[in-house]
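Contents: one structure, followed by commentary.
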Amino acid sequence: NGACLDNIVTGVTTIPQAGRGAFATRSIDEGRSITTTPVVTLDRQELHLWEKVEETEDGRGDVMELVGEQLLLNYCYGHKSSSLLFFPYAPSVNFINHGSLEESNAEIRWSGFPYHKAEWLDVTIDEMKAKLKT
C-alpha cells in the first residue's frame, strides 16, 4: 500500500539565485503523479510572529503587535482566505517548482488513494479543526 518516492531528486538549479530544486529521475507524462506526501495541518495563526510593544497598565499582560510570519509559511499550501494550511513533508517535495502560475510545471492535487482521506474535502474548517484535536 505504499507509493514510490523516487521520481524526483534534489539538486542545484541552473536558475540564477534560485538555489536548489527538484528534478525528475525519469520522464513523467503530463497529468501523472510526480510524488505523494503526507501533510501536517496548521492554523495560519500559528505562523504569526508577534512582538511586545508595551505592557498593559494593570500588569496582567502585554500589548503585542503582529510583525510578520514564520518562514515555514512559504512551504505551506492553503487558500489565502482560509486559516487551514497543509505543510508537506516527504523527501524533496518542498523543492518542486512553486513559482507563479506561468512558471510552474506541476500542480498539486489531493490524492485518490483511499488512505488519503478524500472526505476531508467536504468538511468545514471548524469540522476539520475538531478532527485534528482528537
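If you're wondering about the labels, chains in the C-alpha cells are A, B, ... by order shown, residues count from 1 in each chain, ligands from 1 in order shown.
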Enumerate as a VMD selection string all residues of chain A assigned to helix (DSSP H, G or I) by DSSP on the backbone, naming them with the chain letters and numbers the document uses. chain A and resid 44 to 47 71 to 75 93 to 95 114 to 116 118 to 122 125 to 132
Would you output that residue set with N, CA and C atoms, as an mmCIF file, in the first residue's frame?
```cif
data_model
loop_
_atom_site.group_PDB
_atom_site.id
_atom_site.type_symbol
_atom_site.label_atom_id
_atom_site.label_comp_id
_atom_site.auth_asym_id
_atom_site.auth_seq_id
_atom_site.Cartn_x
_atom_site.Cartn_y
_atom_site.Cartn_z
ATOM 1 N N ARG A 44 -3.160 28.952 10.273
ATOM 2 C CA ARG A 44 -2.346 30.073 9.787
ATOM 3 C C ARG A 44 -1.868 30.965 10.936
ATOM 4 N N GLN A 45 -2.696 31.139 11.944
ATOM 5 C CA GLN A 45 -2.329 31.999 13.076
ATOM 6 C C GLN A 45 -1.123 31.459 13.849
ATOM 7 N N GLU A 46 -0.889 30.152 13.765
ATOM 8 C CA GLU A 46 0.264 29.564 14.450
ATOM 9 C C GLU A 46 1.589 30.044 13.853
ATOM 10 N N LEU A 47 1.544 30.607 12.667
ATOM 11 C CA LEU A 47 2.758 31.054 11.997
ATOM 12 C C LEU A 47 2.969 32.563 12.083
ATOM 13 N N LEU A 71 8.881 31.761 8.333
ATOM 14 C CA LEU A 71 9.353 31.351 7.013
ATOM 15 C C LEU A 71 8.656 30.076 6.544
ATOM 16 N N LEU A 72 8.258 29.216 7.469
ATOM 17 C CA LEU A 72 7.578 27.969 7.133
ATOM 18 C C LEU A 72 6.352 28.204 6.248
ATOM 19 N N LEU A 73 5.724 29.371 6.368
ATOM 20 C CA LEU A 73 4.543 29.684 5.561
ATOM 21 C C LEU A 73 4.848 29.581 4.064
ATOM 22 N N ASN A 74 6.073 29.875 3.659
ATOM 23 C CA ASN A 74 6.459 29.790 2.243
ATOM 24 C C ASN A 74 6.353 28.378 1.694
ATOM 25 N N TYR A 75 6.340 27.372 2.564
ATOM 26 C CA TYR A 75 6.331 25.974 2.135
ATOM 27 C C TYR A 75 4.997 25.282 2.409
ATOM 28 N N VAL A 93 9.807 17.145 -1.683
ATOM 29 C CA VAL A 93 8.597 17.799 -2.195
ATOM 30 C C VAL A 93 8.651 19.318 -2.110
ATOM 31 N N ASN A 94 9.333 19.862 -1.120
ATOM 32 C CA ASN A 94 9.389 21.316 -0.999
ATOM 33 C C ASN A 94 10.356 21.960 -1.978
ATOM 34 N N PHE A 95 11.014 21.147 -2.796
ATOM 35 C CA PHE A 95 11.894 21.680 -3.830
ATOM 36 C C PHE A 95 11.206 21.730 -5.190
ATOM 37 N N PRO A 114 -7.123 5.609 -1.268
ATOM 38 C CA PRO A 114 -8.176 5.538 -0.244
ATOM 39 C C PRO A 114 -7.708 5.952 1.156
ATOM 40 N N TYR A 115 -6.438 5.801 1.447
ATOM 41 C CA TYR A 115 -5.951 6.169 2.780
ATOM 42 C C TYR A 115 -5.591 7.656 2.900
ATOM 43 N N HIS A 116 -5.899 8.453 1.899
ATOM 44 C CA HIS A 116 -5.578 9.874 1.929
ATOM 45 C C HIS A 116 -6.762 10.767 2.285
ATOM 46 N N ALA A 118 -10.025 11.580 1.399
ATOM 47 C CA ALA A 118 -10.703 12.496 0.484
ATOM 48 C C ALA A 118 -11.941 13.123 1.118
ATOM 49 N N GLU A 119 -12.516 12.468 2.124
ATOM 50 C CA GLU A 119 -13.696 13.031 2.789
ATOM 51 C C GLU A 119 -13.384 14.371 3.467
ATOM 52 N N TRP A 120 -12.132 14.642 3.721
ATOM 53 C CA TRP A 120 -11.754 15.930 4.318
ATOM 54 C C TRP A 120 -12.080 17.102 3.391
ATOM 55 N N LEU A 121 -12.210 16.836 2.104
ATOM 56 C CA LEU A 121 -12.508 17.905 1.157
ATOM 57 C C LEU A 121 -13.936 18.425 1.294
ATOM 58 N N ASP A 122 -14.794 17.688 2.015
ATOM 59 C CA ASP A 122 -16.201 18.055 2.122
ATOM 60 C C ASP A 122 -16.590 18.554 3.512
ATOM 61 N N ILE A 125 -14.117 24.228 7.885
ATOM 62 C CA ILE A 125 -12.871 24.447 8.616
ATOM 63 C C ILE A 125 -13.031 24.107 10.100
ATOM 64 N N ASP A 126 -14.184 24.416 10.673
ATOM 65 C CA ASP A 126 -14.416 24.098 12.085
ATOM 66 C C ASP A 126 -14.475 22.584 12.309
ATOM 67 N N GLU A 127 -15.100 21.869 11.378
ATOM 68 C CA GLU A 127 -15.130 20.406 11.477
ATOM 69 C C GLU A 127 -13.716 19.827 11.360
ATOM 70 N N MET A 128 -12.922 20.414 10.455
ATOM 71 C CA MET A 128 -11.540 19.948 10.284
ATOM 72 C C MET A 128 -10.744 20.172 11.566
ATOM 73 N N LYS A 129 -10.878 21.349 12.133
ATOM 74 C CA LYS A 129 -10.147 21.645 13.381
ATOM 75 C C LYS A 129 -10.561 20.687 14.489
ATOM 76 N N ALA A 130 -11.835 20.356 14.567
ATOM 77 C CA ALA A 130 -12.306 19.415 15.594
ATOM 78 C C ALA A 130 -11.684 18.022 15.367
ATOM 79 N N LYS A 131 -11.583 17.605 14.099
ATOM 80 C CA LYS A 131 -10.963 16.305 13.793
ATOM 81 C C LYS A 131 -9.496 16.288 14.196
ATOM 82 N N LEU A 132 -8.823 17.407 13.998
ATOM 83 C CA LEU A 132 -7.381 17.454 14.239
ATOM 84 C C LEU A 132 -7.052 17.474 15.727
#
```
Shell of 10 Å around range 26-34 of chain A, only C-alpha atoms, local chain residues under 6 positions omitted, as a list of chain:residue names: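 Neighbouring residues, sequence-local ones excluded: A:Cys4, A:Leu5, A:Asp6, A:Asn7, A:Ile8, A:Val93, A:Ile96, A:Asn105, A:Ala106, A:Glu107, A:Ile108, A:Arg109, A:Ser111.
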Pairwise distance for CA of Leu42 in chain A and CA of Pro91 in chain A, rounded to one decimal in Å: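 The value is 19.3 Å.
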Just list as a list in words whatever in range 27-127 of chain A DSSP marks as strand (DSSP E).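 Secondary structure check on range 27-127 of chain A, strand (DSSP E): Val39, Val40, Thr41, Leu42, Asp43, His48, Leu49, Trp50, Glu51, Lys52, Val53, Glu54, Glu55, Asp62, Val63, Met64, Glu65, Leu66, Val67, Gly68, Glu69, Leu84, Leu85, Phe86, Phe87 and Pro88 of chain A.
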A:Ser92, A:Trp110, A:Glu55, A:Leu101 ranked by distance to Gly21 in chain A, top pick (using only C-alpha atoms):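 Closest residue, counting only C-alpha atoms: A:Ser92.
Considering only C-alpha atoms, the residue among A:Ala24, A:Leu49, A:Leu84, A:Val67 positioned nearest to Thr10 in chain A is A:Ala24.
Every protein or nucleic acid residue with an atom no more than 9 Å from Glu51 in chain A, counting only C-alpha atoms and leaving out same-chain residues fewer than 4 positions away, appears here: Val63, Met64, Glu65, Leu66 and Val67 of chain A.
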Preceding selection exported with N, CA and C atoms as a compact mmCIF listing (two decimals), in the first residue's frame:
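Once everything was written out, this is part29.txt:
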```txt
# COMPACT_ATOMS: atom_id res chain seq x y z
N VAL A 63 0.91 44.18 25.43
CA VAL A 63 0.32 44.59 24.16
C VAL A 63 1.27 44.10 23.08
N MET A 64 0.73 43.28 22.19
CA MET A 64 1.54 42.65 21.16
C MET A 64 1.16 43.20 19.78
N GLU A 65 2.15 43.25 18.89
CA GLU A 65 1.94 43.72 17.52
C GLU A 65 2.38 42.63 16.56
N LEU A 66 1.55 42.37 15.56
CA LEU A 66 1.90 41.39 14.52
C LEU A 66 2.98 42.01 13.64
N VAL A 67 4.14 41.34 13.58
CA VAL A 67 5.27 41.91 12.83
C VAL A 67 5.67 41.09 11.61
```
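Each of A:Gly78, A:Gln17, A:Asp43, A:Thr37 was checked against Phe113 in chain A using only C-alpha atoms; the smallest atom-to-atom distance is that of A:Thr37.
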